[in-house]
Structures are given as structure tokens and as C-alpha cells.
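K.L.:
Below you'll find the structure I mean.
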Amino acid sequence: MENSTIIFHHQMPAQLRFSDVDRFGHVNNSVYFSLFDMCKTRYFFDVVGKDFFEKTSTVIVHIDANFISPVYFPDEIVIQTAISKLGHKSFTVIQRAINKRTGDVKCECETVMVMVDNDIKKSVDIPQYFRSAVAAFEQNEDLAKQ
């Protein structure tokens, strides 16, 4: 995962619950995926629009996480999200959990998602409105090109 060149324009705080902590006293690794999912959804709402999921859906086809250092309850973390690549039908989402106070990266995640038409339940090309909105938000016009 090569995230050193990614600029994260989208971030949101992620509230930890006591039940997120495992017997070792840190946030369980499985919890990160729920937090990342919640923040991906917020990214889509904020960048593409709230009606995004009425038109299409997304399916995760690959996910890869690096757990760098533990998060302990009640640490405050922020999830940063960016789209780094748009293909024809798939796109890559880069996310990381950082400590709000120190800025230390706790976990990095790379997710490949495929665009799916809700009616026919099959993968489809990424719509131009999605491509344009993401390119403008990420300040990367190369993302707008097919």
C-alpha cells in the first residue's frame, strides 16, 4: 500500500465504543472494517450525493489492511478517505485511521470496489457523474478520464 502521495480531502471522526475493545485492551481489528465502511458511505454522500445509492451500488471485490499500531479505548480517531484510481468498472478507495491528537497513522486500508446496477445486478461502467464528482473533489482531473 503506497499512500504517502495521497492527499486526503475527506475525513470524519469515528466514535469508538467500549464493546469495540478486545481482551487485549485495544480496538479489535475487525472493528476497523466497520469504521471504514461507515466512512466510505459518508464520502459517497458528501462527494457524489445522497441519491448515489438509489442509482447504483458498490461491491467490495478486494480489501487489504495494514494494522500499524493499536488503538486503545478511549483514543479519538479520525478516518481519512480518498479515491486514488478509477477504472472502467472498478475503483480504489484508500483509507486510514489516525489518532486525532497525535496524527499517528494506526491502520491503512485499500479497497477495490465495483460499480453495480441495482436493477440488473451486474457490474457496469462507472457513470460519468461519479467520475466527474470524484475528480473535482480529489482535485485530480486524471480521474475524470476513462
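Residues in the C-alpha cells are numbered from 1 in each chain, the chains being A, B, ... in the order shown, and ligands are numbered from 1 in the order shown.
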Residues within 9 Å of Pro70 of chain A, please, as a PDB file with C-alpha atoms, in the first residue's frame. Count only C-alpha atoms; anything in the same chain fewer than 2 positions from it doesn't count.

P.N.:
ATOM      1  CA  HIS A  26      -7.164  -2.478  22.087  1.00  0.00           C
ATOM      2  CA  VAL A  27      -9.713  -1.965  19.349  1.00  0.00           C
ATOM      3  CA  ASN A  28     -10.291  -5.305  17.627  1.00  0.00           C
ATOM      4  CA  ASN A  29      -9.029  -5.496  14.049  1.00  0.00           C
ATOM      5  CA  PHE A  67      -2.530  -2.632  11.170  1.00  0.00           C
ATOM      6  CA  ILE A  68       0.335  -0.334  12.128  1.00  0.00           C
ATOM      7  CA  TYR A  72      -6.927   1.871  22.786  1.00  0.00           C
ATOM      8  CA  LYS A 106      -2.899   3.470  13.156  1.00  0.00           C
ATOM      9  CA  CYS A 107      -4.266   1.485  10.216  1.00  0.00           C
TER      10      CYS A 107
END

K.L.:
Near Val134 of chain A, counting only C-alpha atoms, which residues have an atom at most 8 Å away, once you skip same-chain residues fewer than 5 positions from it, shown as number ranges by chain?

P.N.:
A: 47-48, 83, 143-144

K.L.:
I'd like to know which of A:Ser69, A:Val93, A:Ser57, A:Lys122 is closest to Val105 of chain A, using only C-alpha atoms.

P.N.:
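When distances to Val105 of chain A are compared using only C-alpha atoms, the smallest one comes from A:Ser69.
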
K.L.:
Rounded to one decimal in Å, what is the spacing between atom CA of Gln15 of chain A and atom CA of Val114 of chain A?

P.N.:
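Separation of atom CA of Gln15 of chain A and atom CA of Val114 of chain A: 27.9 Å.
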
K.L.:
Between atom CA of Phe45 of chain A and atom CA of Ile120 of chain A, what is the distance, to one decimal in Å?

P.N.:
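That distance, rounded to one decimal, is 22.8 Å.
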
K.L.:
Please compute the atom CA of Phe73 of chain A-atom CA of Val112 of chain A distance, one decimal, in Å.

P.N.:
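Going from atom CA of Phe73 of chain A over to atom CA of Val112 of chain A covers 29.3 Å.
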
K.L.:
Neighbouring residues of Glu54 of chain A were defined as those with any atom within 10 Å, considering only C-alpha atoms; residues of the same chain fewer than 3 positions away were excluded. Please report them as a PyMOL selection string.

P.N.:
chain A and resi 50-51+57+117-118

K.L.:
Go ahead and save the residues from that selection, with C-alpha atoms, as an mmCIF file, in the first residue's frame.

P.N.:
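Resulting contents of again.cif:
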data_model
loop_
_atom_site.group_PDB
_atom_site.id
_atom_site.type_symbol
_atom_site.label_atom_id
_atom_site.label_comp_id
_atom_site.auth_asym_id
_atom_site.auth_seq_id
_atom_site.Cartn_x
_atom_site.Cartn_y
_atom_site.Cartn_z
ATOM 1 C CA LYS A 50 -27.126 11.384 -1.218
ATOM 2 C CA ASP A 51 -29.008 9.767 -4.116
ATOM 3 C CA SER A 57 -24.499 0.093 -5.717
ATOM 4 C CA ASP A 117 -26.528 -1.538 -11.499
ATOM 5 C CA ASN A 118 -29.278 -2.047 -8.920
#

K.L.:
Find the residues around Pro74 of chain A up to 9 Å (only C-alpha atoms counted), leave out those fewer than 3 positions away in its own chain, and share them as a VMD selection string.

P.N.:
chain A and resid 15 to 18 71

K.L.:
With only C-alpha atoms as the basis for distance, which of A:Arg131, A:Arg101, A:His10, A:His62 is at the shortest distance from Thr41 of chain A?

P.N.:
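Among the listed residues, A:His10 lies closest to Thr41 of chain A.
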
K.L.:
Using only C-alpha atoms, which of A:Cys109, A:Lys89, A:Asn140, A:Thr81 sits nearest Phe44 of chain A?

P.N.:
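Using only C-alpha atoms, Phe44 of chain A sits closest to A:Thr81.
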